[in-house]
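See below for the structure under consideration.
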Amino acid sequence: MKILVTGGAGYKGSVLVPKLLNLGHHVHVLDTFWFGDFLGEHENLSKQVGDVCNVDEIDLNDIDTIIHLSSIANDPCGDLNQTLTWEVSALSTMQLADKAKRTGNVSQFIYASSGSVYGLKDEDQVTEDLPLTPISAYNKTKMVSERVLLSYASDFVVQIVRPATVCGLSPRMRLDVSVNMLTMQALTNQKITVFGGQQMRPNIHIEDICNVYLHFLQHPEFTGIYNAGFENVSIMQIAELARRYANADIAVTESNDPRSYRVNSDKLLATGFKPTKTIEDAVQEIAAAYRAGQLLNEPHFHNLNWMQTTEVAV
């Protein structure tokens with residue numbers, strides 16, 4: 001199978017693409033490579049340095065499946081340049097879906113949305129049928145992209161995944177997501193700063209979210225929208241877990257981030273998917289890689305700071 005992975009050099013893509021290659025697929029990665037190239041070379045891998053907004057430069061003539069990961073990731077980065085965020089994270093989705101329809105050979109479109117589309121929820125379990133109340137440009141672009149893609153459901157298989165916060169090791173690491181960030185703070189500073197601490201966050205290990213995409217690739221019969229998050233824990237619980245493996249102190253300060261929600265992924269589990277990794281696995285793996293000298297606190301592992309310093313989003 002020939003698969004286009006947009007954003008394939010990113011945090012998730014750098015784990016997903018090798019998995020696709022190991023399964024024997026031919027993979028074409030489209031990415032700006034803002035944060036580097038950690039994919040290496042492979043006879044079945046082609047890489048295109050390009051912007052997903054430039055849809056005319058994307059050749060879909062021999063593509064069977066699109067896995068659309070491209071996005072200006074997370075709220076702070078999305079707010080850095082909201083025009084760019086809407087162009088990359090929403091307009092490009094519409095243009096890519098339209099081109100896929102017109103090209104005619106794309107049979108499957110897997111979209112990486114976000115659990116953050118739900119906004120603030122009081123329900124104990126956030127399920128796929130609840131109304132969406134996104135509160136940031138990033139959230140809103142994900143919601144709009146979902147609705148655009150669902151309008152193409154009669155043209156090709158549409159599978160939308162709403163991941164929880166992803167954690168764990170990747171060649172193109174991110175150290176600005178909660179589990180990874182707090183663990184690295186503990187390892188490098190022996191001190192963890194927690195803002196608030198009681199906010200609940202759903203999480204998913206990076207190996208599991210990439211396996212979710214593989215699961216849908218192999219099961220086109222499961223269409224529509226699916227949550228993907230298997231551990232709902234508080235920020236303080238994450239900090240305590242990081243401290244367990246790094247012997248760090250915890251300092252608590254006030255938070256202006258009101259988001260708190262618990263994701264229910266029973267719909268995904270009903271398709272036969274089974275997670276294999278936990279938050280604790282992620283913390284252990286990060287600590288082991290750091291102590292072995294395999295993981296450094298690199299500037300390009302912090303999305304917002306890197307985009308600001310390199311002026312890629314302005």
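All residue names refer to the structure tokens as shown: chains lettered A, B, ... in order, residues numbered from 1 in each chain, ligands numbered from 1 in order.
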Within 7 Å of range 140-157 of chain A, which residues of range 104-124 of chain A come that close, and what is the closest atom pair and distance in Å for each? Count only C-alpha atoms and give it as JSON lines.
```
{"residue": "A:Val106", "atom": "CA", "partner": "A:Phe156", "partner_atom": "CA", "distance": 6.9}
{"residue": "A:Ser107", "atom": "CA", "partner": "A:Phe156", "partner_atom": "CA", "distance": 4.8}
{"residue": "A:Gln108", "atom": "CA", "partner": "A:Val157", "partner_atom": "CA", "distance": 4.5}
{"residue": "A:Phe109", "atom": "CA", "partner": "A:Val157", "partner_atom": "CA", "distance": 6.0}
{"residue": "A:Ser113", "atom": "CA", "partner": "A:Lys142", "partner_atom": "CA", "distance": 5.5}
{"residue": "A:Ser114", "atom": "CA", "partner": "A:Lys142", "partner_atom": "CA", "distance": 6.7}
{"residue": "A:Val117", "atom": "CA", "partner": "A:Met143", "partner_atom": "CA", "distance": 6.0}
```
Those same residues, written as a JSON list (two decimals), in the first residue's frame with N, CA and C atoms?
```json
[["chain", "number", "residue", "atom", "x", "y", "z"],
["A", 106, "VAL", "N", -7.66, 7.68, -3.87],
["A", 106, "VAL", "CA", -7.53, 7.62, -2.41],
["A", 106, "VAL", "C", -8.78, 6.95, -1.85],
["A", 107, "SER", "N", -8.59, 5.87, -1.11],
["A", 107, "SER", "CA", -9.73, 5.12, -0.58],
["A", 107, "SER", "C", -9.92, 5.29, 0.92],
["A", 108, "GLN", "N", -8.95, 5.90, 1.60],
["A", 108, "GLN", "CA", -8.99, 5.96, 3.06],
["A", 108, "GLN", "C", -8.29, 7.23, 3.53],
["A", 109, "PHE", "N", -8.92, 7.93, 4.47],
["A", 109, "PHE", "CA", -8.36, 9.17, 5.02],
["A", 109, "PHE", "C", -8.45, 9.07, 6.54],
["A", 113, "SER", "N", -7.13, 14.21, 14.91],
["A", 113, "SER", "CA", -7.78, 15.35, 15.55],
["A", 113, "SER", "C", -7.18, 15.51, 16.95],
["A", 114, "SER", "N", -8.00, 15.88, 17.93],
["A", 114, "SER", "CA", -7.51, 16.08, 19.29],
["A", 114, "SER", "C", -8.65, 15.95, 20.28],
["A", 117, "VAL", "N", -10.85, 19.10, 21.53],
["A", 117, "VAL", "CA", -12.02, 19.71, 20.88],
["A", 117, "VAL", "C", -13.21, 19.79, 21.82]]
```
field: Test item, strand (DSSP E or B) assignment across range 159-258 of chain A, answer as an MDAnalysis selection string
entry: chainID A and resid 159:163 165:167 191:195 200:205 224:228 231:234 249:253
For the residues selected in the previous step, produce a file with C-alpha atoms as a PDB file, in the first residue's frame.
```
ATOM      1  CA  GLN A 159     -11.585   7.732  10.266  1.00  0.00           C
ATOM      2  CA  ILE A 160     -11.093  10.504  12.824  1.00  0.00           C
ATOM      3  CA  VAL A 161      -9.021   9.915  15.949  1.00  0.00           C
ATOM      4  CA  ARG A 162      -9.249  12.250  18.940  1.00  0.00           C
ATOM      5  CA  PRO A 163      -6.052  11.474  20.880  1.00  0.00           C
ATOM      6  CA  THR A 165      -2.194  14.003  25.403  1.00  0.00           C
ATOM      7  CA  VAL A 166       0.558  11.823  23.979  1.00  0.00           C
ATOM      8  CA  CYS A 167       3.563  10.843  26.081  1.00  0.00           C
ATOM      9  CA  LYS A 191      12.511  19.965  40.921  1.00  0.00           C
ATOM     10  CA  ILE A 192       9.081  19.794  39.331  1.00  0.00           C
ATOM     11  CA  THR A 193       6.883  22.876  38.984  1.00  0.00           C
ATOM     12  CA  VAL A 194       3.172  22.043  38.968  1.00  0.00           C
ATOM     13  CA  PHE A 195       0.631  24.673  37.957  1.00  0.00           C
ATOM     14  CA  MET A 200      -7.490  15.963  35.074  1.00  0.00           C
ATOM     15  CA  ARG A 201      -5.769  14.997  31.850  1.00  0.00           C
ATOM     16  CA  PRO A 202      -6.300  11.959  29.634  1.00  0.00           C
ATOM     17  CA  ASN A 203      -3.065  10.471  28.313  1.00  0.00           C
ATOM     18  CA  ILE A 204      -1.930   7.891  25.788  1.00  0.00           C
ATOM     19  CA  HIS A 205       1.511   6.401  25.196  1.00  0.00           C
ATOM     20  CA  GLY A 224     -16.321   7.893  12.081  1.00  0.00           C
ATOM     21  CA  ILE A 225     -14.898   9.457  15.245  1.00  0.00           C
ATOM     22  CA  TYR A 226     -13.028   7.706  18.042  1.00  0.00           C
ATOM     23  CA  ASN A 227     -11.491   8.915  21.289  1.00  0.00           C
ATOM     24  CA  ALA A 228      -8.038   7.513  22.074  1.00  0.00           C
ATOM     25  CA  GLU A 231      -5.412   6.925  31.518  1.00  0.00           C
ATOM     26  CA  ASN A 232      -7.197   9.868  33.114  1.00  0.00           C
ATOM     27  CA  VAL A 233      -4.919  11.289  35.801  1.00  0.00           C
ATOM     28  CA  SER A 234      -4.307  14.629  37.472  1.00  0.00           C
ATOM     29  CA  ASP A 249      10.944  17.994  44.813  1.00  0.00           C
ATOM     30  CA  ILE A 250       7.515  19.269  43.743  1.00  0.00           C
ATOM     31  CA  ALA A 251       6.619  22.959  43.876  1.00  0.00           C
ATOM     32  CA  VAL A 252       2.955  23.903  43.357  1.00  0.00           C
ATOM     33  CA  THR A 253       1.895  27.280  41.963  1.00  0.00           C
TER      34      THR A 253
END
```
- prompt: Could you name the residues that touch range 46-52 of chain A at 10 Å or less, counting only C-alpha atoms, but leaving out those on the same chain fewer than 6 positions away, as a ChimeraX atom specification?
  reply: /A:4-9,26-34,37,39,58,68,70-71,87-89,91-93,95-96
- request: Could you tell me how far CA of Leu295 in chain A lies from CA of Thr188 in chain A, in Å and to one decimal?
  value: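 Between CA of Leu295 in chain A and CA of Thr188 in chain A the gap works out to 11.3 Å.
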message: When you look at Arg244 in chain A with a cut-off of 10 Å (counting only C-alpha atoms), what residues show up, excluding the ones that are within fewer than 4 positions of it in the same chain? I need them as a PyMOL selection string.
response: chain A and resi 183+186+238-240+248+280+283-284
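If you count only C-alpha atoms and ignore residues fewer than 4 places along the chain from Leu269 in chain A, what sits within 12 Å of it is Val212, His215, Phe222, Tyr226, Asn227, Ala228, Gly229, Phe230, Asn264, Ser265, Phe273, Lys274 and Pro275 of chain A.
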